[in-house]
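Undergrad: What follows is a single structure, and I will ask about it in a moment.
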Number of protein chains: 4
Amino acid sequence: MIIVMKKTATDDEIKTIIAEIKDNDLKPMPLYGTERTVIAVIGDERILDKQHIKSMPGVSDAMLVLPPYKLVSRETKFEDTIVTVKDGIKIGGKEIQIMAGPCAVENYEFVSQAAKACKKSGAKILRGGAFKPRTGPYSFQGLGEEGLKILQQVGKEENMATVTEVLNPKDIELVAQYTDILQVGARNMQNFNLLEELGKVDKPVLLKRGMSAKIKEWLLAAEYIMSNGNPNVIMCERGIRTFEQEIRSTLALTSVPIIKKLSHLPIIVDPSHSAGKPYLIPPMAKAAIACGADGIIVEVHPKPEEALCDGQQALLPDIFDTMMQEIKPIAKVLGRVL
Amino acid sequence: MIIVMKKTATDDEIKTIIAEIKDNDLKPMPLYGTERTVIAVIGDERILDKQHIKSMPGVSDAMLVLPPYKLVSRETKFEDTIVTVKDGIKIGGKEIQIMAGPCAVENYEFVSQAAKACKKSGAKILRGGAFKPRTGPYSFQGLGEEGLKILQQVGKEENMATVTEVLNPKDIELVAQYTDILQVGARNMQNFNLLEELGKVDKPVLLKRGMSAKIKEWLLAAEYIMSNGNPNVIMCERGIRTFEQEIRSTLALTSVPIIKKLSHLPIIVDPSHSAGKPYLIPPMAKAAIACGADGIIVEVHPKPEEALCDGQQALLPDIFDTMMQEIKPIAKVLGRVL
Amino acid sequence: MIIVMKKTATDDEIKTIIAEIKDNDLKPMPLYGTERTVIAVIGDERILDKQHIKSMPGVSDAMLVLPPYKLVSRETKFEDTIVTVKDGIKIGGKEIQIMAGPCAVENYEFVSQAAKACKKSGAKILRGGAFKPRTGPYSFQGLGEEGLKILQQVGKEENMATVTEVLNPKDIELVAQYTDILQVGARNMQNFNLLEELGKVDKPVLLKRGMSAKIKEWLLAAEYIMSNGNPNVIMCERGIRTFEQEIRSTLALTSVPIIKKLSHLPIIVDPSHSAGKPYLIPPMAKAAIACGADGIIVEVHPKPEEALCDGQQALLPDIFDTMMQEIKPIAKVLGRVL
Amino acid sequence: MIIVMKKTATDDEIKTIIAEIKDNDLKPMPLYGTERTVIAVIGDERILDKQHIKSMPGVSDAMLVLPPYKLVSRETKFEDTIVTVKDGIKIGGKEIQIMAGPCAVENYEFVSQAAKACKKSGAKILRGGAFKPRTGPYSFQGLGEEGLKILQQVGKEENMATVTEVLNPKDIELVAQYTDILQVGARNMQNFNLLEELGKVDKPVLLKRGMSAKIKEWLLAAEYIMSNGNPNVIMCERGIRTFEQEIRSTLALTSVPIIKKLSHLPIIVDPSHSAGKPYLIPPMAKAAIACGADGIIVEVHPKPEEALCDGQQALLPDIFDTMMQEIKPIAKVLGRVL
């Protein structure tokens with residue numbers, strides 16, 4: 001940590017800071033400049049609370065030199081983490097994984113049709129929501145356990161792994177019983193109780209980026225899960241909220257190479273939720289793979305116009321199939337397989 | 001709802017939309033323009049799902065004419081809602097209410113000192129966190145029930161009402177047992193399970209605005225609480241996330257008159273969390289009252305430099321007292337009392 | 001400047017940085033930590049280019065300790081700058097100044113009516129646009145010199161100072177000939193040629209904040225004007241672009257106390273352009289004064305529904321008068337006069 | 001246009017709106033709903049000023065059905081615009097174009113070395129700034145005409161077309177004399193005088209997206225150029241300003257397919273300025289091509305650590321060459337050539 005004192009800081013104030021640093025078993029290194037004093041801290045600065053230091057008398061600013069996360073950092077673990085979802089389905093390795101299926105599980109028929117089509121085109125993981133977070137209280141909220149059962153059944157029939165969202169710490173056990181990957185939605189990225197409890201589960205967690213989450217905060221959310229014992233976290237970029245109004249959110253694809261640089265965790269991209277319009281999904285899926293994503297999660301529905309939830313952003317199976325045919329050679333260019 | 005068809009929409013596509021509208025017992029009114037067809041919907045359009053309509057073939061866009069919320073709307077209830085917290089402490093009436101106290105409940109001594117000072121300066125509601133949502137897993141997370149007990153005890157001693165945050169649906173009963181107002185933090189504004197459960201409680205809920213929540217989404221979060229049976233919701237503007245880096249978040253005070261226009265619910269302002277620096281708090285508190293807020297929630301700590309949480313944004317008791325003396329005459333100018 | 005080296009930085013890379021610092025006549029102070037080396041720079045770091053340093057081999061990050069601006073800084077000049085507009089009209093002193101008038105100068109009649117009303121209610125400075133920046137090429141673009149003449153004439157008749165926008169460096173001389181204050185609009189805040197030329201004029205410049213300008217960038221824009229010779233800069237907060245859609249832009253009032261802290265320059269607030277709706281203007285004007293602004297610039301039009309530009313955000317003269325009556329006692333509470 | 005009246009609108013207010021519509025030779029179509037009246041406008045609504053209508057008594061809201069731009073719209077011209085830069089160099093056709101070179105023209109040697117390398121790797125257009133917009137007044141501002149001469153000379157030597165930024169309307173003639181493409185920087189996207197004057201030039205214009213420009217505003221900026229007579233506009237996505245702090249700006253690649261849908265104009269991507277760090281540039285360049293961009297503009301410098309401007313985001317020639325080798329097969333997958 002670098003602590004910048006005010007021009008007007010007194011000797012006593014400087015001494016107090018130095019004492020505080022020593023109290024934490026760290027080594028202070030004061031630099032007496034022409035305009036002001038700067039105190040560098042030698043050692044693992046994460047022991048100090050930056051906000052606390054900034055509130056001390058005479059302090060103008062305090063800057064961290066090390067990132068605030070540890071377990072998720074590539075400095076801690078250099079090799080890529082490869083998450084094993086199920087026999088032979090891995091995320092973060094050479095193979096790119098596609099998660100596809102309807103936004104919400106509405107009935108067996110739709111899920112089954114979607115799954116058959118997705119499987120045929122190359123997807124190995126089936127998505128579908130049983131608990132749906134909806135902005136307003138009057139919208140369809142999902143089928144709950146009934147939906148989980150349908151998802152599990154179709155997953156078995158088509159030999160696909162499954163992923164679904166969990167909203168509430170109390171539902172984790174239930175959801176984990178039926179599905180292979182537990183998803184944390186964007187609105188829950190900082191639901192810390194949920195993250196902690198997911199850290200105690202032995203299934204992979206798909207962690208969507210919050211709508212206004214900085215990359216550092218997103219990594220700290222993953223740190224919550226890892227520090228509670230679960231190393232199998234998959235990051236998922238799904239767009240951030242900006243002033244742009246042509247789309248629901250701005251897909252911030254640069255986060256893919258950034259996460260790869262800062263962390264060893266795999267990262268996939270959700271091009272459906274940010275787009276809000278089907279024609280935008282295939283180009284953004286191709287872009288995601290081109291910039292290094294380990295996979296895609298995408299909404300596919302046999303009859304989007306009858307969907308109870310987000311039909312306007314679901315791909316028809318044949319459009320999905322065309323997209324998959326285009327993704328494959330791009331993956332190959334990057335030395336990946338699909 | 002106004003449905004704009006594509007230039008290329010076929011007669012069949014238009015007929016399908018018209019049939020869909022009629023199926024919902026609404027009245028379609030097609031307008032055949034020179035460039036394209038527009039279909040207006042007569043009746044309560046909220047029955048229709050805008051996203052569903054937008055996904056139908058031939059549809060270019062669909063716009064809502066009515067807001068998506070009902071119970072929180074001033075069109076539904078014209079008179080201001082006045083929330084009664086406790087004998088004689090009301091929010092949303094002529095009297096402006098000040099909620100003050102430490103960020104987190106750390107020990108009896110600090111809370112008691114802060115409460116005495118706040119009470120003396122005119123605050124009637126004591127704040128203090130027992131469950132703290134922290135960005136990283138290695139920060140102080142609050143004292144839990146122990147903290148609730150301290151808060152309750154000091155509240156009784158000083159004859160103040162109390163407000164504290166609840167993070168998890170399963171903690172609601174516990175928190176409600178000890179405190180007078182249950183707070184939903186910014187990160188939980190779209191934790192819909194939490195909102196639903198708070199709708200079943202008979203204590204007022206303080207609903208902080210999410211860091212990237214549009215005003216419409218914030219009102220829909222309040223609608224979740226009201227539609228589950230609890231009419232006592234207090235809105236709280238606490239700043240939104242923008243590109244600005246001089247402050248933690250951008251206090252969007254214009255939301256005060258906007259909420260007052262769109263809704264009958266009371267609204268208070270939190271100038272502490274957005275500022276991150278004590279010198280910014282008194283001017284923004286004065287501005288909040290000047291633009292019509294029903295109150296302020298502010299952090300006060302007897303020894304900010306020893307605080308375990310957010311000390312850098314807490315006011316010292318004497319600064320708080322000066323601020324209160326400046327707020328009073330401004331309140332009076334607006335015809336309010338403090 | 002604090003230069004953080006990569007964990008993997010070699011001794012040679014560290015030596016190169018140290019040499020670079022010495023070449024600039026600054027003193028390097030290397031700190032060999034447990035995890036990495038940090039090099040502090042003693043002296044006026046602004047000589048170094050941060051981006052250049054960051055691009056050097058072995059460098060992980062570089063942080064400035066001093067702000068990048070000098071002349072506008074309160075550390076350079078402690079006393080408030082008071083800008084004299086015209087005989088007895090000063091901005092930044094004890095008296096709060098109100099600038100009011102129509103968005104655009106459309107004809108003599110409207111300007112004259114607006115000016116009479118504004119003067120009567122207490123405004124001493126008349127605003128009105130002769131050159132209008134419009135988002136689309138098909139909108140009314142202002143009357144040009146004809147408009148300047150009308151503004152000047154009405155200003156003389158009502159004994160008011162005048163303020164108008166200048167868009168193009170080549171128009172500065174013309175505009176300066178007719179008006180007392182030259183306004184830089186939000187879209188031109190980083191039109192550096194315009195700023196440089198305004199630095200050579202001996203009239204005050206009203207510098208609106210850019211829609212996505214950080215406070216540091218806004219102060220640097222003022223530094224462009226000051227460093228070219230013109231010390232009479234008035235800052236103007238007018239809202240920033242965020243995700244919120246209920247209003248045109250988010251009025252970021254916290255910038256008022258921040259600018260007052262960082263700089264000696266006066267700052268006023270424009271509550272009209274961010275609001276876009278008249279009912280929002282009086283509360284935000286009151287809030288602006290309450291948090292310490294030195295004045296307000298507001299749109300007033302005798303017949304908003306006939307305005308060619310931004311009629312929907314202009315106040316009617318009687319609403320303006322009521323607002324002024326409410327602002328006065330708030331100004332008094334803050335020890336100001338109006 | 002769809003005009004939504006207030007619930008409380010009087011018959012007279014409705015009649016006034018209807019008369020206003022008729023006065024503009026458009027056809028009003030009032031719809032008397034159960035909750036409120038809506039008036040649809042049949043004909044080319046762009047004749048009406050939305051803001052003006054919204055300010056009329058009794059009006060609650062007004063929504064446009066048609067986009068506000070015309071000439072740039074794909075509804076006006078269906079076929080892709082292919083911009084001819086110079087003998088055989090076209091943008092927007094089957095061939096992908098790469099613009100590469102140093103941020104600023106600093107001296108002949110650096111530009112020549114960069115150009116040779118870029119040409120060899122496949123770039124046909126040389127970039128380099130002679131007039132540099134810098135946030136602060138104390139940074140290197142470019143060589144001016146001297147720089148233009150160097151750029152032209154190297155362009156001739158290497159048989160490359162050239163592109164450079166123009167900041168000031170008065171410099172257009174000078175810049176057009178030396179270069180093949182005139183660039184409008186992000187800060188000038190709404191410098192309307194500049195856009196108008198560029199509309200009168202017979203050279204292509206590269207129009208960078210403003211840091212906080214909505215897509216609609218960006219297209220309207222292009223409309224300014226086209227409506228003044230110049231049809232050769234090339235759009236350039238370069239990132240938008242968001243809350244994210246890991247990068248300088250958020251590259252919003254979804255704008256590529258959106259612009260392709262809404263407009264016939266070609267669009268390229270600048271991955272350098274948003275990244276700020278070299279390692280991010282190749283993945284984002286690949287992503288840009290994968291989602292359909294017509295080209296890339298990228299900074300290449302033989303000695304980034306000696307660059308006077310933005311060295312930290314320039315690629316070394318060999319990194320650039322590797323990137324080009326990766327882009328080629330991706331272009332081929334999309335049916336493009338490079």
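As shown in the structure tokens, the chain order sets the letters A, B, ...; within each chain, residues go from 1, and ligands are also counted from 1 in the order they appear.
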Enumerate, as number ranges by chain, the complete set of residues in stretch 204-313 of chain B that a backbone-based DSSP assignment places in strand (DSSP E).

TA: B: 205-208, 233-237, 267-269, 295-299

Undergrad: What does the file look like for those residues with C-alpha atoms, as an mmCIF file, in the first residue's frame?

TA:
data_model
loop_
_atom_site.group_PDB
_atom_site.id
_atom_site.type_symbol
_atom_site.label_atom_id
_atom_site.label_comp_id
_atom_site.auth_asym_id
_atom_site.auth_seq_id
_atom_site.Cartn_x
_atom_site.Cartn_y
_atom_site.Cartn_z
ATOM 1 C CA VAL B 205 -38.984 -1.464 4.985
ATOM 2 C CA LEU B 206 -36.271 0.973 3.929
ATOM 3 C CA LEU B 207 -35.542 0.153 0.272
ATOM 4 C CA LYS B 208 -32.194 1.443 -0.975
ATOM 5 C CA VAL B 233 -42.050 1.149 2.115
ATOM 6 C CA ILE B 234 -39.561 4.011 2.401
ATOM 7 C CA MET B 235 -37.437 4.643 -0.680
ATOM 8 C CA CYS B 236 -33.786 5.639 -0.192
ATOM 9 C CA GLU B 237 -31.590 7.270 -2.834
ATOM 10 C CA ILE B 267 -38.155 9.005 0.070
ATOM 11 C CA ILE B 268 -35.036 9.721 2.106
ATOM 12 C CA VAL B 269 -31.423 10.220 1.035
ATOM 13 C CA GLY B 295 -35.287 12.522 5.653
ATOM 14 C CA ILE B 296 -31.648 11.576 5.733
ATOM 15 C CA ILE B 297 -29.744 8.473 6.797
ATOM 16 C CA VAL B 298 -26.195 9.278 7.778
ATOM 17 C CA GLU B 299 -23.216 7.624 9.405
#

Undergrad: Chain D near chain C within 8 Å: what's each residue's closest atom pair and its distance in Å to one decimal, counting only C-alpha atoms, ordered by chain then ascending residue number, as JSON lines?

TA:
{"residue": "D:Gln51", "atom": "CA", "partner": "C:Gln312", "partner_atom": "CA", "distance": 5.9}
{"residue": "D:His52", "atom": "CA", "partner": "C:Gly311", "partner_atom": "CA", "distance": 5.9}
{"residue": "D:Ile53", "atom": "CA", "partner": "C:Glu305", "partner_atom": "CA", "distance": 7.8}
{"residue": "D:Lys54", "atom": "CA", "partner": "C:Gln312", "partner_atom": "CA", "distance": 6.2}
{"residue": "D:Ser55", "atom": "CA", "partner": "C:Gln312", "partner_atom": "CA", "distance": 4.1}
{"residue": "D:Met56", "atom": "CA", "partner": "C:Glu305", "partner_atom": "CA", "distance": 5.4}
{"residue": "D:Pro68", "atom": "CA", "partner": "C:Gly136", "partner_atom": "CA", "distance": 7.6}
{"residue": "D:Tyr69", "atom": "CA", "partner": "C:Gly136", "partner_atom": "CA", "distance": 7.6}
{"residue": "D:Pro133", "atom": "CA", "partner": "C:Phe192", "partner_atom": "CA", "distance": 6.7}
{"residue": "D:Arg134", "atom": "CA", "partner": "C:Phe192", "partner_atom": "CA", "distance": 7.8}
{"residue": "D:Thr135", "atom": "CA", "partner": "C:Glu217", "partner_atom": "CA", "distance": 6.5}
{"residue": "D:Gly136", "atom": "CA", "partner": "C:Leu220", "partner_atom": "CA", "distance": 5.4}
{"residue": "D:Pro137", "atom": "CA", "partner": "C:Tyr224", "partner_atom": "CA", "distance": 5.3}
{"residue": "D:Leu167", "atom": "CA", "partner": "C:Asn193", "partner_atom": "CA", "distance": 7.7}
{"residue": "D:Asn168", "atom": "CA", "partner": "C:Asn193", "partner_atom": "CA", "distance": 7.0}
{"residue": "D:Arg187", "atom": "CA", "partner": "C:Gln190", "partner_atom": "CA", "distance": 6.2}
{"residue": "D:Asn188", "atom": "CA", "partner": "C:Asn191", "partner_atom": "CA", "distance": 6.9}
{"residue": "D:Gln190", "atom": "CA", "partner": "C:Arg187", "partner_atom": "CA", "distance": 6.2}
{"residue": "D:Asn191", "atom": "CA", "partner": "C:Asn188", "partner_atom": "CA", "distance": 6.9}
{"residue": "D:Phe192", "atom": "CA", "partner": "C:Pro133", "partner_atom": "CA", "distance": 6.7}
{"residue": "D:Asn193", "atom": "CA", "partner": "C:Asn168", "partner_atom": "CA", "distance": 7.0}
{"residue": "D:Met211", "atom": "CA", "partner": "C:Ser212", "partner_atom": "CA", "distance": 7.1}
{"residue": "D:Ser212", "atom": "CA", "partner": "C:Ser212", "partner_atom": "CA", "distance": 5.9}
{"residue": "D:Glu217", "atom": "CA", "partner": "C:Thr135", "partner_atom": "CA", "distance": 6.5}
{"residue": "D:Leu220", "atom": "CA", "partner": "C:Gly136", "partner_atom": "CA", "distance": 5.4}
{"residue": "D:Ala221", "atom": "CA", "partner": "C:Gly136", "partner_atom": "CA", "distance": 7.0}
{"residue": "D:Glu223", "atom": "CA", "partner": "C:Pro137", "partner_atom": "CA", "distance": 7.0}
{"residue": "D:Tyr224", "atom": "CA", "partner": "C:Pro137", "partner_atom": "CA", "distance": 5.3}
{"residue": "D:Ser227", "atom": "CA", "partner": "C:Pro137", "partner_atom": "CA", "distance": 7.5}
{"residue": "D:Arg241", "atom": "CA", "partner": "C:Ser212", "partner_atom": "CA", "distance": 7.1}
{"residue": "D:Pro304", "atom": "CA", "partner": "C:Ser55", "partner_atom": "CA", "distance": 6.9}
{"residue": "D:Glu305", "atom": "CA", "partner": "C:Met56", "partner_atom": "CA", "distance": 5.3}
{"residue": "D:Glu306", "atom": "CA", "partner": "C:His52", "partner_atom": "CA", "distance": 7.6}
{"residue": "D:Ala307", "atom": "CA", "partner": "C:His52", "partner_atom": "CA", "distance": 7.2}
{"residue": "D:Leu308", "atom": "CA", "partner": "C:His52", "partner_atom": "CA", "distance": 7.3}
{"residue": "D:Cys309", "atom": "CA", "partner": "C:His52", "partner_atom": "CA", "distance": 7.4}
{"residue": "D:Asp310", "atom": "CA", "partner": "C:Gln51", "partner_atom": "CA", "distance": 6.2}
{"residue": "D:Gly311", "atom": "CA", "partner": "C:His52", "partner_atom": "CA", "distance": 5.9}
{"residue": "D:Gln312", "atom": "CA", "partner": "C:Ser55", "partner_atom": "CA", "distance": 4.1}
{"residue": "D:Gln313", "atom": "CA", "partner": "C:Ser55", "partner_atom": "CA", "distance": 7.7}

Undergrad: Create the file for the chosen residues now, containing N, CA and C atoms and written as a CSV table (one decimal), in the first residue's frame.

TA:
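Okay, this is what ended up in out15.csv:
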chain,number,residue,atom,x,y,z
D,51,GLN,N,-39.8,17.2,-28.9
D,51,GLN,CA,-39.7,18.0,-27.6
D,51,GLN,C,-40.7,19.0,-27.6
D,52,HIS,N,-41.0,19.6,-28.7
D,52,HIS,CA,-42.0,20.7,-28.8
D,52,HIS,C,-43.4,20.1,-28.4
D,53,ILE,N,-43.7,18.9,-29.0
D,53,ILE,CA,-45.0,18.3,-28.7
D,53,ILE,C,-45.1,17.9,-27.2
D,54,LYS,N,-44.0,17.4,-26.7
D,54,LYS,CA,-44.0,17.0,-25.3
D,54,LYS,C,-44.2,18.2,-24.3
D,55,SER,N,-43.9,19.4,-24.8
D,55,SER,CA,-44.1,20.6,-23.9
D,55,SER,C,-45.5,21.1,-24.0
D,56,MET,N,-46.3,20.6,-24.9
D,56,MET,CA,-47.7,21.2,-25.0
D,56,MET,C,-48.6,20.7,-23.9
D,68,PRO,N,-34.7,9.1,-36.4
D,68,PRO,CA,-34.6,10.6,-36.8
D,68,PRO,C,-33.6,10.8,-37.9
D,69,TYR,N,-32.9,9.8,-38.4
D,69,TYR,CA,-32.0,10.0,-39.5
D,69,TYR,C,-32.6,9.4,-40.8
D,133,PRO,N,-5.5,15.7,-30.0
D,133,PRO,CA,-6.3,16.2,-28.9
D,133,PRO,C,-5.8,15.6,-27.6
D,134,ARG,N,-5.3,16.4,-26.7
D,134,ARG,CA,-4.8,15.9,-25.4
D,134,ARG,C,-5.6,16.4,-24.2
D,135,THR,N,-5.9,15.6,-23.3
D,135,THR,CA,-6.7,16.0,-22.2
D,135,THR,C,-6.2,17.2,-21.4
D,136,GLY,N,-4.8,17.2,-21.3
D,136,GLY,CA,-4.2,18.3,-20.6
D,136,GLY,C,-3.4,19.2,-21.5
D,137,PRO,N,-3.3,20.5,-21.1
D,137,PRO,CA,-2.6,21.4,-22.0
D,137,PRO,C,-1.0,21.3,-22.0
D,167,LEU,N,-9.0,18.4,-36.3
D,167,LEU,CA,-9.6,18.9,-35.1
D,167,LEU,C,-10.4,20.1,-35.3
D,168,ASN,N,-10.1,20.9,-36.3
D,168,ASN,CA,-10.6,22.3,-36.4
D,168,ASN,C,-11.1,22.5,-37.8
D,187,ARG,N,-13.8,12.9,-29.4
D,187,ARG,CA,-14.2,14.1,-28.7
D,187,ARG,C,-14.9,15.1,-29.6
D,188,ASN,N,-14.8,14.9,-30.9
D,188,ASN,CA,-15.4,15.9,-31.9
D,188,ASN,C,-16.6,15.3,-32.6
D,190,GLN,N,-19.5,15.4,-31.9
D,190,GLN,CA,-20.7,16.3,-32.0
D,190,GLN,C,-20.2,17.7,-32.1
D,191,ASN,N,-19.0,17.9,-32.8
D,191,ASN,CA,-18.6,19.2,-33.2
D,191,ASN,C,-19.2,19.5,-34.6
D,192,PHE,N,-20.4,20.1,-34.5
D,192,PHE,CA,-21.3,20.1,-35.7
D,192,PHE,C,-20.7,20.9,-36.8
D,193,ASN,N,-20.0,22.0,-36.5
D,193,ASN,CA,-19.3,22.8,-37.5
D,193,ASN,C,-18.3,22.0,-38.3
D,211,MET,N,-17.4,9.2,-26.8
D,211,MET,CA,-17.2,8.4,-25.7
D,211,MET,C,-18.5,8.1,-24.9
D,212,SER,N,-19.5,9.0,-25.1
D,212,SER,CA,-20.8,8.8,-24.5
D,212,SER,C,-21.9,8.9,-25.5
D,217,GLU,N,-27.3,8.9,-31.9
D,217,GLU,CA,-26.5,10.2,-32.0
D,217,GLU,C,-25.4,10.0,-33.0
D,220,LEU,N,-26.7,10.1,-36.3
D,220,LEU,CA,-27.0,11.5,-36.7
D,220,LEU,C,-25.8,12.4,-37.0
D,221,ALA,N,-24.7,12.1,-36.3
D,221,ALA,CA,-23.5,12.8,-36.7
D,221,ALA,C,-23.1,12.4,-38.1
D,223,GLU,N,-25.2,11.6,-40.4
D,223,GLU,CA,-26.2,12.3,-41.2
D,223,GLU,C,-25.8,13.7,-41.5
D,224,TYR,N,-25.2,14.4,-40.5
D,224,TYR,CA,-24.7,15.8,-40.7
D,224,TYR,C,-23.7,15.8,-41.9
D,227,SER,N,-25.7,14.8,-45.2
D,227,SER,CA,-26.7,15.8,-45.6
D,227,SER,C,-26.0,17.0,-46.2
D,241,ARG,N,-17.6,5.1,-22.6
D,241,ARG,CA,-17.2,5.3,-21.2
D,241,ARG,C,-18.2,4.7,-20.3
D,304,PRO,N,7.7,1.5,-28.8
D,304,PRO,CA,6.6,2.1,-28.0
D,304,PRO,C,7.1,2.9,-26.7
D,305,GLU,N,8.2,2.4,-26.2
D,305,GLU,CA,8.7,3.1,-24.9
D,305,GLU,C,9.2,4.5,-25.2
D,306,GLU,N,9.5,4.8,-26.5
D,306,GLU,CA,10.0,6.1,-26.8
D,306,GLU,C,8.9,7.0,-27.4
D,307,ALA,N,7.7,6.5,-27.6
D,307,ALA,CA,6.6,7.2,-28.2
D,307,ALA,C,6.2,8.4,-27.3
D,308,LEU,N,5.9,9.5,-27.9
D,308,LEU,CA,5.5,10.7,-27.1
D,308,LEU,C,4.0,10.7,-26.7
D,309,CYS,N,3.3,9.7,-27.3
D,309,CYS,CA,1.9,9.7,-27.1
D,309,CYS,C,1.4,8.3,-27.1
D,310,ASP,N,0.7,7.9,-26.1
D,310,ASP,CA,0.0,6.6,-26.0
D,310,ASP,C,0.9,5.4,-26.3
D,311,GLY,N,2.1,5.5,-26.0
D,311,GLY,CA,3.0,4.3,-26.3
D,311,GLY,C,2.5,3.1,-25.6
D,312,GLN,N,1.8,3.2,-24.5
D,312,GLN,CA,1.4,2.0,-23.8
D,312,GLN,C,0.3,1.2,-24.5
D,313,GLN,N,-0.2,1.7,-25.5
D,313,GLN,CA,-1.2,1.0,-26.2
D,313,GLN,C,-0.8,0.6,-27.7

Undergrad: Mind the document's chain letters and residue numbers, and return as a PyMOL selection string the residues of stretch 57-138 of chain C that DSSP labels alpha helix (DSSP H).

TA: chain C and resi 108-121

Undergrad: Here is a test: counting only C-alpha atoms, which residue of A:Gln177, A:Ser274, A:Thr10, A:Gln141 is nearest to A:Arg248?

TA: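 That would be A:Ser274, the residue with the smallest distance to A:Arg248.
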
Undergrad: Go ahead and compute the interatomic distance for atom CA of D:Thr81 and atom CA of D:Asn230, in Å to one decimal.

TA: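 Going from atom CA of D:Thr81 over to atom CA of D:Asn230 covers 12.3 Å.
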